Amino acid sequence: MEPPGEKPGEAEAPSITPQLLKSHSGEFALDSILLLKLRGLGVADLGCLGECLNLEWLDLSGNALTHLGPLASLRQLAVLNVSNNRLTGLEPLAACENLQSLNAAGNLLSTPGQLQCLAGLQGLEHLRLRDPLARLSNPLCANPTYWAVVRELLPGLRVIDGERVSGRGSELYQLCRDLDSSLRSSSSPGPRAIEAQPWVEPGYWESWPIRSSSILEEACRQFQDTLQECLDLDRQAGDSLAQAQQALSPAETTSSFVF
């Protein structure tokens with residue numbers, strides 16, 4: 001007879017236990033675990049994970065999580081990956097005062113208000129809610145103003161979705177975004193856009209093989225002339241040394257016979 005409430009062939013989603021934590025970390029005591037990778041285990045219940053009080057790096061991606069309650073006790077946590085889960089809120093992370101990097105792409109976050117709990121995290125600099133390469137996103141990312149709203153809500157962020165928004169290199173990313181927006185607006189239906197004009201005169205980008213060849217030939221000729229001058233100087237030096245040896249030879253021979 002099947003247990004009440006359990007369908008035949010349906011396995012219960014695993015939860016995090018002390019044995020699982022020890023086997024994946026190699027540590028005997030839970031408070032000694034600093035780094036933990038629990039990716040793709042199908043975990044739906046974080047269980048005793050909150051007892052890893054000194055945990056600094058945690059990967060929970062690719063599971064079946066719907067809440068992050070036990071993470072509220074992880075005050076030392078700096079890097080967290082909860083991508084590709086079923087999360088509808090991030091409220092427990094408000095207590096993770098040392099959090100610096102958060103990847104929550106591929107969840108069910110639908111409004112910017114669900115990010116309000118992160119506003120008090122002064123050290124949070126990296127946030128990912130969308131990952132095009134992995135094809136992960138959140139419903140709120142479909143909003144055209146998503147980017148601007150997140151920046152206003154969390155002004156301390158330096159990197160959003162892998163793109164730098166402040167600090168060194170942010171100007172290049174901003175230029176790419178502006179260009180992308182311009183291209184999208186020009187391709188949308190509406191009034192006919194002004195025909196693009198060339199930036200330079202016709203023929204500006206054409207190659208000039210004859211001119212390039214003449215410059216190369218002139219450089220080779222100058223090199224050959226310089227090499228020939230060096231050879232001439234070497235020969236003159238050799239002649240001078242031979243003459244000096246001949247001039248000194250008689251004197252040395254005569255002095256050797258003086259008593």
# chains A, B, ... in the order shown; residues from 1 in each chain; ligands from 1
call {"tool": "closest_atom_pairs", "arguments": {"of": "segment 81-159 of chain A", "to": "segment 53-74 of chain A", "cutoff": "8 Å", "atoms": "only C-alpha atoms", "output": "Markdown table"}}
result
| residue | atom | partner | partner_atom | distance |
| --- | --- | --- | --- | --- |
| A:Asn81 | CA | A:Asp59 | CA | 4.7 |
| A:Val82 | CA | A:Ser61 | CA | 4.6 |
| A:Ser83 | CA | A:Ser61 | CA | 4.7 |
| A:Asn84 | CA | A:Gly62 | CA | 4.9 |
| A:Asn85 | CA | A:Ala64 | CA | 5.1 |
| A:Arg86 | CA | A:Thr66 | CA | 4.9 |
| A:Leu87 | CA | A:Thr66 | CA | 4.5 |
| A:Thr88 | CA | A:Thr66 | CA | 6.8 |
| A:Gly89 | CA | A:His67 | CA | 7.0 |
| A:Leu90 | CA | A:Leu68 | CA | 6.9 |
| A:Glu91 | CA | A:Leu68 | CA | 7.9 |
| A:Pro92 | CA | A:Ala72 | CA | 4.9 |
| A:Leu93 | CA | A:Ala72 | CA | 5.8 |
| A:Ala94 | CA | A:Ala72 | CA | 7.3 |
| A:Ala95 | CA | A:Ala72 | CA | 5.2 |
| A:Cys96 | CA | A:Leu74 | CA | 6.0 |
call {"tool": "residues_around", "arguments": {"residues": "Arg135 of chain A", "least_positions_apart": "5", "cutoff": "10 Å", "atoms": "only C-alpha atoms", "output": "ChimeraX atom specification"}}
result
/A:84,105-106,130
call {"tool": "closest_residue", "arguments": {"among": "A:Glu51, A:Asp239, A:Glu163, A:Asp234", "to": "Pro18 of chain A", "atoms": "only C-alpha atoms"}}
result
A:Glu51
call {"tool": "atom_distance", "arguments": {"atom1": "atom CA of Pro139 of chain A", "atom2": "atom CA of Ser110 of chain A"}}
result
4.7 Å
call {"tool": "residues_around", "arguments": {"residues": "segment 142-158 of chain A", "least_positions_apart": "3", "cutoff": "8 Å", "atoms": "only C-alpha atoms", "output": "list in words"}}
result
Pro112, Leu115, Gln116, Leu118, Ala119, Gln122, Gly123, Leu124, Glu125, His126, Leu127, Asn138, Pro139, Arg164, Val165, Ser166 and Gly167 of chain A
call {"tool": "write_last_selection", "arguments": {"atoms": "all heavy atoms", "output": "short mmCIF file (atom, residue, chain, number, x, y, z; two decimals), in the first residue's frame"}}
result
data_model
loop_
_atom_site.label_atom_id
_atom_site.label_comp_id
_atom_site.auth_asym_id
_atom_site.auth_seq_id
_atom_site.Cartn_x
_atom_site.Cartn_y
_atom_site.Cartn_z
N PRO A 112 9.56 44.52 -9.70
CA PRO A 112 10.74 45.10 -9.06
C PRO A 112 10.61 45.19 -7.55
O PRO A 112 11.62 45.19 -6.84
CB PRO A 112 10.82 46.49 -9.70
CG PRO A 112 10.10 46.36 -10.99
CD PRO A 112 8.99 45.38 -10.73
N LEU A 115 12.53 42.98 -5.26
CA LEU A 115 13.97 43.22 -5.05
C LEU A 115 14.21 44.25 -3.96
O LEU A 115 15.36 44.51 -3.60
CB LEU A 115 14.61 43.73 -6.36
CG LEU A 115 14.43 42.84 -7.60
CD1 LEU A 115 15.07 43.52 -8.80
CD2 LEU A 115 15.04 41.47 -7.38
N GLN A 116 13.14 44.83 -3.41
CA GLN A 116 13.27 45.86 -2.40
C GLN A 116 14.03 45.36 -1.18
O GLN A 116 14.76 46.11 -0.52
CB GLN A 116 11.89 46.36 -1.98
CG GLN A 116 11.91 47.51 -0.98
CD GLN A 116 12.52 48.78 -1.56
OE1 GLN A 116 12.20 49.15 -2.68
NE2 GLN A 116 13.39 49.43 -0.81
N LEU A 118 16.61 43.77 -1.04
CA LEU A 118 18.07 43.82 -1.25
C LEU A 118 18.63 45.23 -1.08
O LEU A 118 19.85 45.41 -1.11
CB LEU A 118 18.41 43.31 -2.66
CG LEU A 118 17.89 41.92 -3.04
CD1 LEU A 118 18.26 41.60 -4.48
CD2 LEU A 118 18.46 40.86 -2.10
N ALA A 119 17.76 46.21 -0.92
CA ALA A 119 18.20 47.61 -0.88
C ALA A 119 19.12 47.90 0.31
O ALA A 119 19.96 48.80 0.25
CB ALA A 119 16.99 48.54 -0.85
N GLN A 122 24.56 46.81 1.68
CA GLN A 122 25.50 47.82 1.22
C GLN A 122 26.61 47.26 0.36
O GLN A 122 27.16 47.95 -0.49
CB GLN A 122 26.10 48.54 2.44
CG GLN A 122 25.08 49.21 3.33
CD GLN A 122 24.30 50.29 2.61
OE1 GLN A 122 24.85 51.03 1.80
NE2 GLN A 122 23.01 50.39 2.90
N GLY A 123 26.95 45.99 0.56
CA GLY A 123 28.06 45.41 -0.19
C GLY A 123 27.65 44.74 -1.50
O GLY A 123 28.52 44.28 -2.25
N LEU A 124 26.36 44.68 -1.80
CA LEU A 124 25.90 44.00 -3.02
C LEU A 124 26.30 44.81 -4.25
O LEU A 124 25.85 45.94 -4.44
CB LEU A 124 24.38 43.82 -2.98
CG LEU A 124 23.77 43.01 -4.13
CD1 LEU A 124 24.31 41.59 -4.15
CD2 LEU A 124 22.26 43.00 -4.04
N GLU A 125 27.13 44.21 -5.11
CA GLU A 125 27.63 44.89 -6.31
C GLU A 125 27.27 44.16 -7.59
O GLU A 125 27.21 44.77 -8.65
CB GLU A 125 29.16 45.06 -6.24
CG GLU A 125 29.61 45.95 -5.09
CD GLU A 125 31.12 46.18 -5.11
OE1 GLU A 125 31.81 45.45 -5.86
OE2 GLU A 125 31.58 47.08 -4.40
N HIS A 126 27.07 42.85 -7.52
CA HIS A 126 26.78 42.05 -8.71
C HIS A 126 25.41 41.38 -8.57
O HIS A 126 25.17 40.66 -7.60
CB HIS A 126 27.85 40.96 -8.92
CG HIS A 126 29.22 41.51 -9.19
ND1 HIS A 126 29.98 42.09 -8.20
CD2 HIS A 126 29.96 41.55 -10.32
CE1 HIS A 126 31.14 42.47 -8.72
NE2 HIS A 126 31.15 42.16 -9.99
N LEU A 127 24.53 41.65 -9.54
CA LEU A 127 23.20 41.05 -9.53
C LEU A 127 22.87 40.54 -10.93
O LEU A 127 23.01 41.27 -11.91
CB LEU A 127 22.14 42.07 -9.10
CG LEU A 127 20.69 41.60 -9.14
CD1 LEU A 127 20.46 40.46 -8.15
CD2 LEU A 127 19.73 42.75 -8.87
N ASN A 138 13.64 36.16 -15.64
CA ASN A 138 12.54 36.31 -14.70
C ASN A 138 11.45 37.12 -15.38
O ASN A 138 11.74 37.93 -16.28
CB ASN A 138 13.01 37.03 -13.43
CG ASN A 138 13.75 36.11 -12.47
OD1 ASN A 138 13.15 35.39 -11.68
ND2 ASN A 138 15.07 36.14 -12.56
N PRO A 139 10.19 36.95 -14.99
CA PRO A 139 9.12 37.72 -15.63
C PRO A 139 9.33 39.22 -15.60
O PRO A 139 8.98 39.92 -16.55
CB PRO A 139 7.88 37.31 -14.82
CG PRO A 139 8.19 35.93 -14.33
CD PRO A 139 9.66 35.93 -14.05
N ARG A 164 28.63 45.86 -16.86
CA ARG A 164 29.04 46.85 -15.87
C ARG A 164 28.23 48.14 -16.06
O ARG A 164 28.14 48.67 -17.16
CB ARG A 164 30.54 47.15 -16.01
CG ARG A 164 31.09 48.07 -14.93
CD ARG A 164 32.59 48.15 -15.03
NE ARG A 164 33.19 46.90 -14.60
CZ ARG A 164 33.46 46.60 -13.34
NH1 ARG A 164 33.14 47.44 -12.37
NH2 ARG A 164 34.02 45.45 -13.04
N VAL A 165 27.63 48.63 -14.98
CA VAL A 165 26.80 49.83 -15.04
C VAL A 165 27.44 51.01 -14.35
O VAL A 165 26.99 52.15 -14.51
CB VAL A 165 25.41 49.56 -14.43
CG1 VAL A 165 24.66 48.52 -15.24
CG2 VAL A 165 25.51 49.11 -12.97
N SER A 166 28.49 50.79 -13.59
CA SER A 166 29.21 51.89 -12.96
C SER A 166 30.66 51.47 -12.76
O SER A 166 30.99 50.29 -12.75
CB SER A 166 28.59 52.27 -11.61
OG SER A 166 28.73 51.21 -10.66
N GLY A 167 31.51 52.47 -12.63
CA GLY A 167 32.93 52.18 -12.48
C GLY A 167 33.61 52.02 -13.83
O GLY A 167 33.08 52.35 -14.88
#
call {"tool": "closest_residue", "arguments": {"among": "A:Cys141, A:Leu35, A:Ala78, A:Leu227", "to": "Asn107 of chain A", "atoms": "only C-alpha atoms"}}
result
A:Cys141
